[in-house]
Amino acid sequence: MKNKFLLLGIALASLTACKTASTLQLAEVKTQKNISINNELKNDEEFVKIIEPYKQKLDKEMNQKISHTSIDLTKQGDNSNLGSLLADYTFEGADAWTKKNLQKNVDAALINIGGIRTTIGKGDIFLKNIFEVMPFENEVIIVKMKGSDLQGLFDYYAKTQVNNPVSHLYIETNNGQLTKSLINGKPVDPSRDYYIATSDYLALGGDNMKFFSKGESISTGIRLRDLFIEYFRKNSEVVPNTDVRLNFTGKK
């Protein structure tokens, strides 16, 4: 009899809980009007007035000419001219920092093609173009790696056949098999340390670049985009290198 009363109590409690929850749920249901975001939606005039001075200042800054190119800078191909250019800028900036702070030389640089978000058409290059190309706040990282651990880098390229830009590296494959790998034109010495410049995203294993985990990551505090802006400003006429760095024969 005691168990029957217990079961009856649980059943009544459950019904009461369901009823209460149902009532609360229905009470919160409200019909809302959909507002389409289109040309008919008027601006908030007061807000526009507030932000207009800041907008004008930003537009003036973003429309500064910082360089010029007589050709289109694109992401296409295994050795894209924009990719190679930005990889070289990464190398040069990282090498200058490493010489000053570590008394070492950077041996190579590697960035990812996916991090380059758009292209740059021939003509004047404006500050806003670099923000469009590199909208992220990625930092330049130096990864110190044993030569013996660099095999993972070369195997990555052989496996993926992706055109992630490199500088001071040569990687050759045939039907997905690594046939040649050089740093600064020389074979890798397994016993020595190498300093590879890259982004914090890749150093942490982004784009599945797990091989960097075998090295020691050294922070530079330099934003990749700031570095690119600095080097575009230094070069009034951009002339990308056209050498072959990634040579994927029989690429599928």
# chains A, B, ... in the order shown; residues from 1 in each chain; ligands from 1

call {"tool": "select_by_dssp", "arguments": {"residues": "segment 4-235 of chain A", "states": "helix (DSSP H, G or I)", "output": "ChimeraX atom specification"}}
result
/A:4-28,45-62,81-102,113-115,127-133,147-160,200-203,206-208,210-214,224-234

call {"tool": "closest_atom_pairs", "arguments": {"of": "segment 182-242 of chain A", "to": "segment 145-152 of chain A", "cutoff": "9 Å", "atoms": "only C-alpha atoms", "output": "CSV"}}
result
residue,atom,partner,partner_atom,distance
A:Val188,CA,A:Gly147,CA,6.0
A:Asp189,CA,A:Gly147,CA,5.5
A:Pro190,CA,A:Gly147,CA,3.9
A:Ser191,CA,A:Gly147,CA,5.9
A:Arg192,CA,A:Gly147,CA,5.7
A:Asp193,CA,A:Lys146,CA,4.6
A:Tyr194,CA,A:Met145,CA,5.2
A:Tyr195,CA,A:Met145,CA,6.4
A:Ile196,CA,A:Met145,CA,7.6
A:Met209,CA,A:Gly152,CA,8.7
A:Lys210,CA,A:Gly152,CA,8.2
A:Phe211,CA,A:Gly152,CA,5.2
A:Phe212,CA,A:Met145,CA,7.9
A:Lys214,CA,A:Asp149,CA,6.8
A:Gly215,CA,A:Met145,CA,4.5
A:Glu216,CA,A:Met145,CA,6.6
A:Ser217,CA,A:Met145,CA,9.0

call {"tool": "select_by_dssp", "arguments": {"residues": "segment 14-171 of chain A", "states": "strand (DSSP E)", "output": "PDB file with N, CA and C atoms, in the first residue's frame"}}
result
ATOM      1  N   LYS A  65      48.408  54.957 -50.819  1.00  0.00           N
ATOM      2  CA  LYS A  65      49.186  54.126 -51.741  1.00  0.00           C
ATOM      3  C   LYS A  65      50.482  53.726 -51.058  1.00  0.00           C
ATOM      4  N   ILE A  66      50.782  52.424 -51.041  1.00  0.00           N
ATOM      5  CA  ILE A  66      52.012  51.971 -50.385  1.00  0.00           C
ATOM      6  C   ILE A  66      52.976  51.286 -51.355  1.00  0.00           C
ATOM      7  N   SER A  67      52.492  50.934 -52.554  1.00  0.00           N
ATOM      8  CA  SER A  67      53.369  50.296 -53.531  1.00  0.00           C
ATOM      9  C   SER A  67      52.660  50.242 -54.882  1.00  0.00           C
ATOM     10  N   HIS A  68      53.261  49.522 -55.819  1.00  0.00           N
ATOM     11  CA  HIS A  68      52.685  49.409 -57.159  1.00  0.00           C
ATOM     12  C   HIS A  68      53.113  48.082 -57.769  1.00  0.00           C
ATOM     13  N   THR A  69      52.267  47.513 -58.601  1.00  0.00           N
ATOM     14  CA  THR A  69      52.617  46.296 -59.329  1.00  0.00           C
ATOM     15  C   THR A  69      52.173  46.419 -60.784  1.00  0.00           C
ATOM     16  N   ALA A 108      64.481  29.188 -43.627  1.00  0.00           N
ATOM     17  CA  ALA A 108      63.399  29.073 -44.608  1.00  0.00           C
ATOM     18  C   ALA A 108      62.123  29.652 -44.010  1.00  0.00           C
ATOM     19  N   ALA A 109      61.125  29.854 -44.851  1.00  0.00           N
ATOM     20  CA  ALA A 109      59.820  30.341 -44.388  1.00  0.00           C
ATOM     21  C   ALA A 109      58.725  29.552 -45.079  1.00  0.00           C
ATOM     22  N   LEU A 110      57.610  29.436 -44.391  1.00  0.00           N
ATOM     23  CA  LEU A 110      56.470  28.662 -44.892  1.00  0.00           C
ATOM     24  C   LEU A 110      55.184  29.323 -44.394  1.00  0.00           C
ATOM     25  N   GLY A 123      48.512  47.597 -60.797  1.00  0.00           N
ATOM     26  CA  GLY A 123      48.266  49.008 -60.547  1.00  0.00           C
ATOM     27  C   GLY A 123      48.758  49.397 -59.165  1.00  0.00           C
ATOM     28  N   ASP A 124      48.233  50.490 -58.666  1.00  0.00           N
ATOM     29  CA  ASP A 124      48.623  50.950 -57.339  1.00  0.00           C
ATOM     30  C   ASP A 124      48.137  49.974 -56.267  1.00  0.00           C
ATOM     31  N   ILE A 125      48.965  49.787 -55.245  1.00  0.00           N
ATOM     32  CA  ILE A 125      48.603  48.937 -54.105  1.00  0.00           C
ATOM     33  C   ILE A 125      48.344  49.853 -52.919  1.00  0.00           C
ATOM     34  N   PHE A 126      47.149  49.718 -52.346  1.00  0.00           N
ATOM     35  CA  PHE A 126      46.747  50.558 -51.227  1.00  0.00           C
ATOM     36  C   PHE A 126      46.815  49.763 -49.922  1.00  0.00           C
ATOM     37  N   GLU A 139      50.649  35.991 -35.839  1.00  0.00           N
ATOM     38  CA  GLU A 139      51.987  36.427 -35.440  1.00  0.00           C
ATOM     39  C   GLU A 139      53.047  35.601 -36.165  1.00  0.00           C
ATOM     40  N   VAL A 140      54.180  36.237 -36.433  1.00  0.00           N
ATOM     41  CA  VAL A 140      55.323  35.526 -36.996  1.00  0.00           C
ATOM     42  C   VAL A 140      55.985  34.714 -35.884  1.00  0.00           C
ATOM     43  N   ILE A 141      56.163  33.434 -36.131  1.00  0.00           N
ATOM     44  CA  ILE A 141      56.796  32.528 -35.173  1.00  0.00           C
ATOM     45  C   ILE A 141      58.035  31.910 -35.819  1.00  0.00           C
ATOM     46  N   ILE A 142      59.100  31.782 -35.037  1.00  0.00           N
ATOM     47  CA  ILE A 142      60.297  31.064 -35.482  1.00  0.00           C
ATOM     48  C   ILE A 142      60.264  29.694 -34.819  1.00  0.00           C
ATOM     49  N   VAL A 143      60.307  28.640 -35.629  1.00  0.00           N
ATOM     50  CA  VAL A 143      60.319  27.286 -35.082  1.00  0.00           C
ATOM     51  C   VAL A 143      61.720  26.700 -35.274  1.00  0.00           C
ATOM     52  N   LYS A 144      62.364  26.411 -34.146  1.00  0.00           N
ATOM     53  CA  LYS A 144      63.693  25.789 -34.174  1.00  0.00           C
ATOM     54  C   LYS A 144      63.510  24.275 -34.253  1.00  0.00           C
ATOM     55  N   MET A 145      64.039  23.676 -35.319  1.00  0.00           N
ATOM     56  CA  MET A 145      63.835  22.242 -35.539  1.00  0.00           C
ATOM     57  C   MET A 145      65.141  21.536 -35.882  1.00  0.00           C
ATOM     58  N   LYS A 146      65.273  20.320 -35.398  1.00  0.00           N
ATOM     59  CA  LYS A 146      66.386  19.471 -35.815  1.00  0.00           C
ATOM     60  C   LYS A 146      66.201  19.091 -37.285  1.00  0.00           C
ATOM     61  N   VAL A 166      56.365  28.794 -49.991  1.00  0.00           N
ATOM     62  CA  VAL A 166      57.604  28.617 -49.235  1.00  0.00           C
ATOM     63  C   VAL A 166      58.654  29.596 -49.743  1.00  0.00           C
ATOM     64  N   SER A 167      59.669  29.819 -48.921  1.00  0.00           N
ATOM     65  CA  SER A 167      60.807  30.641 -49.306  1.00  0.00           C
ATOM     66  C   SER A 167      62.077  29.946 -48.842  1.00  0.00           C
ATOM     67  N   LEU A 169      63.119  27.168 -49.797  1.00  0.00           N
ATOM     68  CA  LEU A 169      62.870  25.721 -49.792  1.00  0.00           C
ATOM     69  C   LEU A 169      62.619  25.262 -51.223  1.00  0.00           C
ATOM     70  N   TYR A 170      63.067  24.044 -51.518  1.00  0.00           N
ATOM     71  CA  TYR A 170      62.727  23.419 -52.796  1.00  0.00           C
ATOM     72  C   TYR A 170      62.227  22.007 -52.504  1.00  0.00           C
ATOM     73  N   ILE A 171      61.025  21.724 -52.981  1.00  0.00           N
ATOM     74  CA  ILE A 171      60.411  20.416 -52.732  1.00  0.00           C
ATOM     75  C   ILE A 171      59.945  19.836 -54.066  1.00  0.00           C
TER      76      ILE A 171
END

call {"tool": "residues_around", "arguments": {"residues": "Tyr89 of chain A", "least_positions_apart": "6", "cutoff": "8 Å", "atoms": "only C-alpha atoms", "output": "list in words"}}
result
Leu227, Phe228 and Tyr231 of chain A

call {"tool": "write_last_selection", "arguments": {"atoms": "N, CA, C and O atoms", "output": "JSON list (two decimals), in the first residue's frame"}}
result
[["chain", "number", "residue", "atom", "x", "y", "z"],
["A", 227, "LEU", "N", 54.11, 43.08, -41.00],
["A", 227, "LEU", "CA", 55.35, 42.79, -41.72],
["A", 227, "LEU", "C", 55.16, 42.98, -43.22],
["A", 227, "LEU", "O", 56.00, 43.58, -43.89],
["A", 228, "PHE", "N", 54.04, 42.49, -43.74],
["A", 228, "PHE", "CA", 53.76, 42.65, -45.17],
["A", 228, "PHE", "C", 53.64, 44.12, -45.54],
["A", 228, "PHE", "O", 54.20, 44.56, -46.56],
["A", 231, "TYR", "N", 57.05, 45.75, -45.78],
["A", 231, "TYR", "CA", 57.85, 45.41, -46.95],
["A", 231, "TYR", "C", 57.23, 45.91, -48.26],
["A", 231, "TYR", "O", 57.96, 46.22, -49.21]]
